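Asker: Have a peek at structure-v3.cif (mmCIF, C-alpha atoms).
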```cif
data_work
#
loop_
_atom_site.label_atom_id
_atom_site.label_comp_id
_atom_site.auth_asym_id
_atom_site.auth_seq_id
_atom_site.Cartn_x
_atom_site.Cartn_y
_atom_site.Cartn_z
CA MET A 1 29.17 -0.74 3.10
CA THR A 2 26.19 0.23 0.96
CA ALA A 3 22.56 -0.76 0.66
CA HIS A 4 21.56 -0.54 -3.01
CA ILE A 5 17.82 -0.02 -3.55
CA ILE A 6 16.16 -0.74 -6.89
CA TYR A 7 12.84 0.96 -7.58
CA TYR A 8 11.30 2.35 -10.74
CA ASN A 9 10.35 5.87 -9.69
CA TYR A 10 11.49 7.09 -6.29
CA LEU A 11 11.88 10.57 -7.77
CA THR A 12 10.06 11.86 -10.83
CA PRO A 13 11.84 10.94 -14.12
CA ASP A 14 13.48 14.36 -14.30
CA GLY A 15 14.91 13.92 -10.78
CA LYS A 16 13.44 17.17 -9.55
CA ALA A 17 10.71 16.02 -7.15
CA MET A 18 9.57 13.10 -5.03
CA SER A 19 7.15 10.71 -6.69
CA ILE A 20 3.88 10.12 -4.85
CA GLY A 21 2.92 6.61 -3.78
CA GLY A 22 2.87 4.07 -0.98
CA ILE A 23 6.11 2.36 -2.01
CA GLN A 24 7.97 5.67 -2.11
CA THR A 25 6.67 6.38 1.42
CA TYR A 26 7.77 2.89 2.48
CA ILE A 27 11.32 3.38 1.14
CA THR A 28 11.60 6.84 2.72
CA ASN A 29 10.73 5.43 6.16
CA LEU A 30 13.03 2.44 5.69
CA MET A 31 16.14 4.46 4.87
CA PRO A 32 16.82 5.76 8.44
CA VAL A 33 16.68 2.17 9.72
CA ILE A 34 19.22 1.11 7.10
CA SER A 35 21.47 4.06 7.95
CA GLU A 36 21.38 3.19 11.68
CA LEU A 37 23.19 -0.05 10.88
CA GLY A 38 26.06 1.78 9.16
CA TYR A 39 25.02 1.42 5.53
CA LYS A 40 25.27 4.17 2.96
CA ILE A 41 22.28 4.19 0.59
CA SER A 42 22.10 4.30 -3.19
CA ILE A 43 18.84 4.24 -5.15
CA TYR A 44 18.58 3.30 -8.82
CA GLN A 45 15.52 4.42 -10.77
CA ARG A 46 14.38 5.04 -14.31
CA SER A 47 14.65 8.57 -15.68
CA ASP A 48 14.35 10.61 -18.85
CA HIS A 49 18.09 11.40 -18.73
CA ASP A 50 21.06 9.97 -16.83
CA PHE A 51 21.73 11.76 -13.56
CA ARG A 52 23.35 11.18 -10.20
CA ILE A 53 22.26 13.44 -7.38
CA GLN A 54 22.47 13.38 -3.61
CA LYS A 55 19.33 14.02 -1.57
CA ASP A 56 19.47 13.99 2.24
CA GLY A 57 22.68 11.95 2.12
CA VAL A 58 21.30 9.37 -0.31
CA ASP A 59 22.83 8.84 -3.76
CA ILE A 60 20.10 8.60 -6.40
CA HIS A 61 21.04 7.29 -9.84
CA GLY A 62 18.67 8.19 -12.66
CA ILE A 63 19.06 5.72 -15.52
CA THR A 64 17.61 6.54 -18.90
CA TYR A 65 15.00 4.17 -20.29
CA THR A 66 13.67 3.96 -23.82
CA LYS A 67 11.13 1.88 -25.73
CA GLU A 68 13.74 -0.87 -25.75
CA THR A 69 13.88 -0.79 -21.93
CA TRP A 70 10.15 -0.79 -21.17
CA GLY A 71 8.13 -3.05 -18.89
CA SER A 72 10.15 -5.80 -17.20
CA ALA A 73 13.18 -4.70 -19.23
CA VAL A 74 13.32 -1.54 -17.09
CA ALA A 75 14.05 -3.61 -13.98
CA ARG A 76 16.79 -5.55 -15.80
CA HIS A 77 18.26 -2.27 -17.00
CA LEU A 78 18.30 -0.83 -13.45
CA VAL A 79 19.88 -3.93 -11.90
CA ASN A 80 22.54 -4.15 -14.63
CA ASN A 81 23.46 -0.51 -14.03
CA ALA A 82 23.67 -1.05 -10.27
CA LEU A 83 25.96 -4.10 -10.45
CA PRO A 84 29.23 -2.20 -11.12
CA TYR A 85 28.73 -0.28 -7.85
CA ILE A 86 28.11 -3.37 -5.68
CA ASP A 87 30.82 -4.84 -3.45
CA ALA A 88 29.55 -8.39 -2.88
CA SER A 89 31.69 -8.79 0.26
CA LYS A 90 29.86 -6.14 2.30
CA ASP A 91 26.92 -4.62 0.38
CA ILE A 92 23.27 -5.63 0.17
CA LEU A 93 20.71 -5.20 -2.60
CA ILE A 94 17.10 -4.32 -1.73
CA TYR A 95 14.34 -4.59 -4.32
CA GLY A 96 11.83 -1.87 -3.39
CA CYS A 97 9.15 -3.97 -5.00
CA GLU A 98 9.17 -7.68 -5.80
CA THR A 99 8.53 -6.92 -9.50
CA CYS A 100 12.01 -5.38 -9.68
CA ILE A 101 13.68 -8.79 -9.23
CA THR A 102 15.38 -9.93 -12.42
CA ARG A 103 18.30 -12.19 -11.57
CA ARG A 104 20.42 -13.65 -8.81
CA VAL A 105 23.31 -11.45 -7.75
CA SER A 106 26.41 -12.18 -5.68
CA CYS A 107 25.53 -10.06 -2.62
CA PRO A 108 22.69 -10.72 -0.12
CA THR A 109 19.33 -9.61 -1.49
CA ILE A 110 16.03 -8.61 0.13
CA ALA A 111 12.83 -8.16 -1.88
CA ILE A 112 9.76 -6.33 -0.55
CA GLN A 113 6.44 -7.90 -1.55
CA HIS A 114 3.60 -5.37 -1.29
CA GLY A 115 0.67 -7.73 -1.74
CA ILE A 116 -1.11 -9.74 -4.42
CA PHE A 117 -1.95 -7.37 -7.27
CA TRP A 118 -3.73 -9.59 -9.82
CA ASP A 119 -6.90 -10.32 -7.81
CA VAL A 120 -9.25 -7.62 -9.18
CA GLU A 121 -12.55 -9.23 -10.14
CA ASP A 122 -13.90 -8.70 -13.65
CA LYS A 123 -17.70 -8.81 -13.56
CA GLU A 124 -18.27 -7.69 -17.13
CA PRO A 125 -20.00 -10.21 -19.42
CA MET A 126 -17.49 -12.12 -21.52
CA SER A 127 -17.32 -15.01 -23.92
CA ARG A 128 -15.75 -18.34 -23.01
CA LEU A 129 -12.70 -17.40 -25.05
CA GLU A 130 -12.30 -14.06 -23.27
CA TYR A 131 -12.73 -15.80 -19.92
CA LEU A 132 -10.07 -18.38 -20.81
CA LYS A 133 -7.66 -15.66 -21.91
CA LYS A 134 -8.08 -13.79 -18.62
CA ILE A 135 -7.59 -16.96 -16.60
CA LEU A 136 -4.41 -17.71 -18.54
CA ARG A 137 -3.14 -14.16 -17.96
CA ARG A 138 -3.67 -14.59 -14.21
CA LEU A 139 -1.89 -17.92 -14.26
CA GLN A 140 0.99 -16.34 -16.17
CA THR A 141 1.20 -13.50 -13.63
CA SER A 142 1.19 -16.02 -10.79
CA TRP A 143 3.89 -18.10 -12.45
CA ASN A 144 6.04 -15.04 -13.16
CA THR A 145 5.76 -14.01 -9.51
CA VAL A 146 6.80 -17.46 -8.26
CA GLN A 147 9.77 -17.45 -10.63
CA ARG A 148 10.87 -13.93 -9.65
CA VAL A 149 10.90 -14.40 -5.89
CA THR A 150 13.13 -17.48 -6.14
CA LYS A 151 15.90 -15.10 -7.25
CA ALA A 152 15.90 -13.25 -3.90
CA ASP A 153 17.44 -14.52 -0.68
CA THR A 154 14.86 -13.01 1.65
CA LEU A 155 11.28 -11.91 1.00
CA VAL A 156 9.71 -9.29 3.27
CA CYS A 157 5.93 -9.37 2.84
CA VAL A 158 3.51 -6.71 4.01
CA ASP A 159 0.81 -9.31 4.73
CA HIS A 160 0.20 -12.97 5.46
CA ASN A 161 -2.10 -13.21 2.44
CA PHE A 162 0.83 -13.47 0.02
CA VAL A 163 2.74 -15.91 2.25
CA ASN A 164 -0.26 -18.24 2.48
CA TRP A 165 -0.86 -18.07 -1.28
CA HIS A 166 2.83 -18.73 -1.96
CA ARG A 167 2.81 -21.81 0.27
CA ALA A 168 -0.37 -23.06 -1.39
CA VAL A 169 1.01 -22.93 -4.93
CA CYS A 170 4.59 -24.08 -4.23
CA ILE A 171 5.63 -27.48 -2.92
CA ASN A 172 8.76 -25.87 -1.51
CA THR A 173 8.99 -22.08 -1.66
CA GLY A 174 12.76 -22.16 -1.17
CA ILE A 175 12.81 -18.66 0.31
CA ARG A 176 12.71 -17.10 3.77
CA HIS A 177 9.49 -15.17 4.36
CA PHE A 178 9.24 -12.38 6.90
CA VAL A 179 5.92 -10.61 7.43
CA VAL A 180 6.34 -6.94 8.29
CA PRO A 181 2.92 -5.26 8.07
CA ASN A 182 2.62 -1.64 7.06
CA PHE A 183 2.45 1.03 9.74
CA SER A 184 1.07 4.34 10.86
CA HIS A 185 2.25 7.14 13.08
CA ILE A 186 0.17 6.85 16.25
CA PRO A 187 -1.19 9.84 18.21
CA ASP A 188 -0.47 9.71 21.95
CA THR A 189 -4.18 9.44 22.69
CA CYS A 190 -7.20 8.50 20.60
CA PRO A 191 -8.46 11.65 18.85
CA THR A 192 -11.72 12.92 20.37
CA LYS A 193 -14.69 13.08 18.03
CA ALA A 194 -17.30 15.84 18.18
CA GLU A 195 -20.48 14.87 20.00
CA SER A 196 -22.63 17.29 18.03
CA GLY A 197 -22.92 18.37 14.41
CA PRO A 198 -23.17 16.23 11.30
CA LEU A 199 -21.64 12.77 11.07
CA ARG A 200 -18.39 13.00 9.09
CA ILE A 201 -17.31 10.33 6.62
CA ILE A 202 -13.99 10.28 4.74
CA PHE A 203 -12.69 8.44 1.67
CA ALA A 204 -8.93 9.09 1.41
CA ARG A 205 -7.48 7.03 -1.44
CA ARG A 206 -6.04 7.44 -4.88
CA PHE A 207 -8.94 7.66 -7.33
CA PHE A 208 -8.57 4.32 -9.13
CA ILE A 209 -11.43 1.92 -9.81
CA HIS A 210 -9.58 -0.90 -8.05
CA ARG A 211 -9.44 1.33 -4.95
CA GLY A 212 -13.22 1.24 -4.84
CA THR A 213 -14.10 4.65 -6.26
CA ARG A 214 -17.18 3.37 -8.12
CA ILE A 215 -18.73 1.32 -5.32
CA PHE A 216 -18.04 4.15 -2.87
CA THR A 217 -19.57 6.78 -5.15
CA ASN A 218 -22.67 4.70 -5.81
CA ALA A 219 -23.17 3.68 -2.18
CA ILE A 220 -22.62 7.17 -0.78
CA SER A 221 -25.06 8.63 -3.34
CA ARG A 222 -27.74 6.34 -1.91
CA ILE A 223 -26.75 7.25 1.66
CA LEU A 224 -27.05 10.97 0.89
CA GLU A 225 -30.60 10.47 -0.34
CA GLU A 226 -31.57 9.04 3.06
CA TYR A 227 -29.26 11.10 5.29
CA PRO A 228 -28.79 14.43 3.52
CA HIS A 229 -27.03 16.16 6.43
CA ILE A 230 -24.02 13.85 6.59
CA ASP A 231 -20.69 15.50 5.76
CA ILE A 232 -18.49 13.71 3.20
CA THR A 233 -14.78 14.39 2.55
CA ILE A 234 -13.17 12.81 -0.51
CA ALA A 235 -9.41 13.24 -0.30
CA GLY A 236 -7.04 12.45 -3.14
CA ASP A 237 -6.88 12.49 -6.91
CA GLY A 238 -6.56 10.09 -9.82
CA PRO A 239 -7.99 8.95 -13.15
CA ASP A 240 -11.47 8.14 -11.80
CA ALA A 241 -11.99 11.66 -10.44
CA PRO A 242 -14.39 12.63 -13.31
CA TYR A 243 -16.77 9.79 -12.36
CA MET A 244 -16.81 10.85 -8.71
CA HIS A 245 -17.30 14.53 -9.52
CA GLU A 246 -20.07 13.77 -12.00
CA HIS A 247 -22.13 11.93 -9.38
CA LEU A 248 -21.30 13.92 -6.24
CA ASP A 249 -20.58 17.54 -7.15
CA SER A 250 -24.26 18.45 -6.85
CA HIS A 251 -24.12 17.83 -3.07
CA SER A 252 -22.96 20.88 -1.12
CA ASN A 253 -21.90 18.68 1.80
CA VAL A 254 -19.46 16.64 -0.32
CA HIS A 255 -15.98 18.16 -0.25
CA PHE A 256 -13.12 17.18 -2.57
CA ILE A 257 -9.65 17.93 -1.20
CA ARG A 258 -6.03 16.95 -1.86
CA PHE A 259 -3.46 16.18 0.77
CA ALA A 260 0.19 15.22 1.20
CA SER A 261 0.99 11.79 2.64
CA ASN A 262 2.25 13.34 5.90
CA GLU A 263 -1.12 15.07 6.38
CA SER A 264 -3.17 11.88 6.54
CA LEU A 265 -3.63 11.76 10.32
CA GLN A 266 -4.54 15.42 10.36
CA ILE A 267 -7.34 15.07 7.82
CA HIS A 268 -8.71 11.93 9.53
CA GLN A 269 -8.64 13.08 13.15
CA ASP A 270 -12.00 14.91 13.13
CA LYS A 271 -13.79 12.29 10.99
CA ASP A 272 -16.13 9.68 12.44
CA ILE A 273 -16.09 6.98 9.75
CA ALA A 274 -13.43 6.09 7.16
CA ILE A 275 -14.20 4.01 4.07
CA ILE A 276 -11.54 1.77 2.47
CA PRO A 277 -13.55 -0.09 -0.22
CA THR A 278 -10.73 -1.71 -2.23
CA ILE A 279 -11.85 -4.27 -4.79
CA GLY A 280 -8.39 -5.75 -5.42
CA SER A 281 -4.60 -5.28 -5.25
CA GLU A 282 -4.16 -4.38 -1.59
CA GLY A 283 -1.60 -5.23 1.07
CA THR A 284 -1.83 -4.00 4.65
CA SER A 285 -3.28 -0.68 3.59
CA LEU A 286 -1.60 2.50 4.82
CA SER A 287 -4.93 4.29 4.39
CA LEU A 288 -6.68 1.76 6.62
CA LEU A 289 -4.02 1.94 9.34
CA GLU A 290 -3.91 5.74 9.33
CA ALA A 291 -7.70 5.88 9.64
CA MET A 292 -7.61 3.44 12.58
CA ALA A 293 -4.79 5.36 14.26
CA SER A 294 -6.95 8.48 13.93
CA GLY A 295 -9.79 6.80 15.84
CA CYS A 296 -12.15 6.41 12.91
CA ALA A 297 -14.69 3.62 12.69
CA VAL A 298 -13.48 1.90 9.53
CA VAL A 299 -15.36 0.03 6.85
CA CYS A 300 -13.05 -2.07 4.69
CA THR A 301 -13.38 -4.91 2.23
CA ASN A 302 -12.16 -8.49 2.71
CA VAL A 303 -9.32 -7.99 0.24
CA GLY A 304 -5.62 -8.79 0.58
CA GLY A 305 -3.80 -7.89 3.77
CA MET A 306 -6.68 -5.90 5.24
CA THR A 307 -7.96 -9.26 6.48
CA ASN A 308 -4.86 -9.37 8.73
CA ILE A 309 -5.91 -6.14 10.46
CA VAL A 310 -9.67 -5.92 10.97
CA LEU A 311 -11.85 -8.24 13.03
CA ASP A 312 -15.41 -7.67 11.89
CA HIS A 313 -17.54 -5.80 14.45
CA TYR A 314 -14.57 -5.49 16.85
CA ASN A 315 -12.22 -2.88 15.36
CA GLY A 316 -14.05 -2.23 12.10
CA LEU A 317 -16.59 -3.59 9.67
CA MET A 318 -15.29 -5.99 7.04
CA ILE A 319 -17.49 -6.47 3.99
CA ASN A 320 -17.57 -7.96 0.53
CA PRO A 321 -16.26 -5.55 -2.14
CA ASP A 322 -19.61 -4.52 -3.62
CA GLU A 323 -21.93 -1.52 -3.51
CA GLU A 324 -24.78 -3.11 -1.55
CA SER A 325 -22.50 -4.41 1.23
CA LEU A 326 -20.87 -0.98 1.53
CA TYR A 327 -24.22 0.81 1.61
CA GLN A 328 -25.52 -1.47 4.38
CA ALA A 329 -22.32 -1.10 6.45
CA ILE A 330 -22.40 2.72 6.32
CA LYS A 331 -26.10 2.70 7.14
CA LEU A 332 -25.45 0.45 10.15
CA LEU A 333 -22.84 2.83 11.59
CA ILE A 334 -25.09 5.84 11.05
CA GLU A 335 -27.94 4.19 12.93
CA ASP A 336 -25.89 2.52 15.69
CA PRO A 337 -23.74 5.16 17.43
CA ILE A 338 -22.80 2.73 20.23
CA LEU A 339 -21.25 0.33 17.72
CA LYS A 340 -19.54 3.24 15.96
CA THR A 341 -17.95 4.45 19.20
CA SER A 342 -16.79 0.94 20.12
CA LEU A 343 -15.17 0.45 16.71
CA GLN A 344 -13.41 3.81 16.95
CA LYS A 345 -11.84 2.96 20.31
CA ASN A 346 -10.79 -0.54 19.30
CA ALA A 347 -9.42 0.65 15.95
CA TYR A 348 -7.07 3.09 17.69
CA GLU A 349 -5.96 0.49 20.25
CA THR A 350 -5.27 -2.05 17.48
CA ALA A 351 -3.15 0.40 15.50
CA LYS A 352 -1.23 1.43 18.61
CA ALA A 353 -0.57 -2.14 19.79
CA SER A 354 0.39 -3.78 16.52
CA PHE A 355 0.96 -1.34 13.64
CA SER A 356 3.04 1.57 14.94
CA LEU A 357 5.97 2.96 12.99
CA GLU A 358 8.26 2.07 15.91
CA MET A 359 7.21 -1.58 15.80
CA TRP A 360 7.67 -1.63 12.01
CA LYS A 361 11.20 -0.24 12.36
CA GLU A 362 12.11 -2.81 15.02
CA ARG A 363 10.95 -5.67 12.78
CA TRP A 364 13.11 -4.31 9.96
CA ARG A 365 16.12 -3.87 12.28
CA HIS A 366 15.85 -7.55 13.22
CA ILE A 367 15.94 -8.61 9.56
CA LEU A 368 18.73 -6.24 8.51
CA LYS A 369 20.93 -7.24 11.45
CA LYS A 370 20.59 -10.90 10.52
CA VAL A 371 21.51 -10.14 6.90
CA LYS A 372 24.46 -7.96 7.96
CA ASN A 373 25.78 -10.66 10.29
CA GLY A 374 25.36 -13.39 7.70
CA LYS A 375 22.72 -15.24 9.72
CA LEU A 376 20.14 -15.40 6.93
#
```
Could I get this structure in the form of structure tokens?

Answerer:
Amino acid sequence: MTAHIIYYNYLTPDGKAMSIGGIQTYITNLMPVISELGYKISIYQRSDHDFRIQKDGVDIHGITYTKETWGSAVARHLVNNALPYIDASKDILIYGCETCITRRVSCPTIAIQHGIFWDVEDKEPMSRLEYLKKILRRLQTSWNTVQRVTKADTLVCVDHNFVNWHRAVCINTGIRHFVVPNFSHIPDTCPTKAESGPLRIIFARRFFIHRGTRIFTNAISRILEEYPHIDITIAGDGPDAPYMHEHLDSHSNVHFIRFASNESLQIHQDKDIAIIPTIGSEGTSLSLLEAMASGCAVVCTNVGGMTNIVLDHYNGLMINPDEESLYQAIKLLIEDPILKTSLQKNAYETAKASFSLEMWKERWRHILKKVKNGKL
């Protein structure tokens, strides 16, 4: 009895190291739950040469891809290579990401939907023709998504945002939705923040524009002009790093660091405020939940599944995804320590009550047991 998992890059293409990313973290945490129910696990991913290795009891198949198997063809290639190993009478197939779905198969299938990813606003001036082309591309992406998910038996979504959108665009979705929000490890007690010293703000995200690097950089530059003694930690790396360094390296109290995914709580625990300024393509953000579990007052944008987590002015500040809104929210927390303390406490309690790793595992156990027993 085997659970076959399809995902593009669980390991690096050479098979020598773990790839870095939220979906890889998700799959890693899901595997012990799958094993508890008696399944062996096989993962199929793209690679620069064919390989089959075993890592921590999991079989990982590296399947070579070329220019002919690029884009959506990669997913088809992975599924076709997995099919000979599948026993339809007792195995299950799990798509690590909904974009991996390519066809209906004979065994039960579960697809994980990590959030709407085509919602990034484009505010650049454009002609009517350019505007029409972009609208058509979004419609095509939406249509492709609707068509893909019909080929899975069960869809596990990280947020209600996708489920509501799916219902709105389909007369009959024809698929079972389960919402299993993302999670965080939760400290036993809310981390204590220092009562003296500079206020500490953290941005811990991959450095992509759609993760809000530009609006954060611009807003925090303005904040530093007014409050020069605030301490800023920017944790991560990515293609927009040059922009952030160019504008912030001149400040001695701005610190750039890198961290492993299992170090997130540690780097957040002594920070007062965490900024999650995503402008698009976000589910129930791991970064947001880890910041809340660490007792930070969070400022996040009203994007994707983050709207399922934060109640504005109760357990965080929820803002529009723009520089001015972010600047005003940070300024408010600097000048209102009572509000900041209240948000910190309620953020931790929210994460503990609703978004713990244990609760996430129990939700997945419920789904997997139903699939195993043929009740879905």

Asker: For the structure shown, which residues end up in the PyMOL selection byres ((chain A and resi 275) around 9)? Put them as a PyMOL selection string, please?

Answerer: chain A and resi 201-204+216+273-274+276-277+288+291+297-300+326+330

Asker: State, in Å with one decimal place, the distance from atom CA of Ser47 of chain A to atom CA of Tyr8 of chain A.

Answerer: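 Between atom CA of Ser47 of chain A and atom CA of Tyr8 of chain A the gap is 8.6 Å.
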
Asker: Please identify all polymer residues lying at most 10 Å from the point (-14.1, -0.4, 16.1) (file coordinates), using all atoms listed in the file, and present the result as a list in words.

Answerer: Ile273, Met292, Gly295, Cys296, Ala297, Val298, Val299, Val310, Leu311, Asp312, His313, Tyr314, Asn315, Gly316, Leu317, Leu339, Lys340, Thr341, Ser342, Leu343, Gln344, Lys345, Asn346, Ala347, Tyr348, Glu349 and Thr350 of chain A

Asker: Could you expand the PyMOL selection byres ((chain A and resi 38) around 10) into the explicit residues it covers here, written as a VMD selection string?

Answerer: chain A and resid 1 to 3 33 to 37 39 to 41 372

Asker: Pull out every residue that the PyMOL selection byres ((chain A and resi 254-271) around 6) matches in the shown coordinates and put them as a list in words.

Answerer: Pro191, Lys193, Arg200, Ile201, Ile232, Thr233, Ile234, Ala235, Gly236, His251, Ser252, Asn253, Asp272, Ile273 and Ser294 of chain A

Asker: Calculated over all atoms listed in the file, which of the candidates A:Ile209, A:Val163, A:Ile215, A:Leu129 has the smallest distance to Asp237 of chain A?

Answerer: A:Ile209

Asker: Go ahead and fit an axis-aligned box to every listed atom of segment 178-181 of chain A plus 5 Å each side, and pass me the centre and edge lengths in Å, one decimal, as JSON.

Answerer:
```
{"center_x": 6.1, "center_y": -8.8, "center_z": 7.6, "size_x": 16.3, "size_y": 17.1, "size_z": 11.4}
```

Asker: Tell me, in Å to one decimal, how far atom CA of Tyr44 of chain A is from atom CA of Asp119 of chain A.

Answerer: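 Computing it gives 28.9 Å between the two atoms.
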
Asker: Show me, as a ChimeraX atom specification, the residues that have an atom within 10 Å of His210 of chain A when counting all atoms listed in the file, minus same-chain residues fewer than 5 positions from it.

Answerer: /A:119-121,215,240,277-282

Asker: Nearest to Asp153 of chain A: which of A:Arg137, A:Arg104, A:Arg363, A:Lys123 is it, counting all atoms listed in the file?

Answerer: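 Between A:Arg137, A:Arg104, A:Arg363, A:Lys123, the residue approaching Asp153 of chain A most closely is A:Arg104.
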
Asker: Could you please determine the separation between atom CA of Ser19 of chain A and atom CA of Pro242 of chain A in Å, to one decimal place?

Answerer: 22.6 Å

Asker: Taking the partial coordinates given, rebuild segment 34-49 of chain A to contain N, CA and C atoms; return it as a compact mmCIF listing (two decimals), in the coordinates of the input.

Answerer:
```
# COMPACT_ATOMS: atom_id res chain seq x y z
N ILE A 34 18.03 1.62 7.79
CA ILE A 34 19.22 1.11 7.10
C ILE A 34 20.46 1.89 7.51
N SER A 35 20.33 3.20 7.59
CA SER A 35 21.47 4.06 7.95
C SER A 35 21.95 3.78 9.37
N GLU A 36 21.02 3.49 10.29
CA GLU A 36 21.38 3.19 11.68
C GLU A 36 22.40 2.06 11.78
N LEU A 37 22.32 1.13 10.84
CA LEU A 37 23.19 -0.05 10.88
C LEU A 37 24.52 0.18 10.14
N GLY A 38 24.76 1.43 9.74
CA GLY A 38 26.06 1.78 9.16
C GLY A 38 26.13 1.73 7.66
N TYR A 39 25.02 1.49 6.98
CA TYR A 39 25.02 1.42 5.53
C TYR A 39 24.86 2.81 4.91
N LYS A 40 25.60 3.08 3.86
CA LYS A 40 25.27 4.17 2.96
C LYS A 40 24.13 3.67 2.06
N ILE A 41 23.43 4.59 1.40
CA ILE A 41 22.28 4.19 0.59
C ILE A 41 22.42 4.75 -0.81
N SER A 42 22.19 3.88 -1.79
CA SER A 42 22.10 4.30 -3.19
C SER A 42 20.80 3.78 -3.78
N ILE A 43 20.10 4.63 -4.49
CA ILE A 43 18.84 4.24 -5.15
C ILE A 43 19.04 4.32 -6.65
N TYR A 44 18.49 3.34 -7.36
CA TYR A 44 18.58 3.30 -8.82
C TYR A 44 17.16 3.30 -9.38
N GLN A 45 16.87 4.27 -10.24
CA GLN A 45 15.52 4.42 -10.77
C GLN A 45 15.57 4.80 -12.25
N ARG A 46 14.44 4.64 -12.90
CA ARG A 46 14.38 5.04 -14.31
C ARG A 46 14.26 6.56 -14.39
N SER A 47 14.69 7.12 -15.51
CA SER A 47 14.65 8.57 -15.68
C SER A 47 14.62 8.91 -17.16
N ASP A 48 14.36 10.19 -17.45
CA ASP A 48 14.35 10.61 -18.85
C ASP A 48 15.73 11.08 -19.32
N HIS A 49 16.69 11.14 -18.38
CA HIS A 49 18.09 11.40 -18.73
C HIS A 49 18.96 10.87 -17.59
```
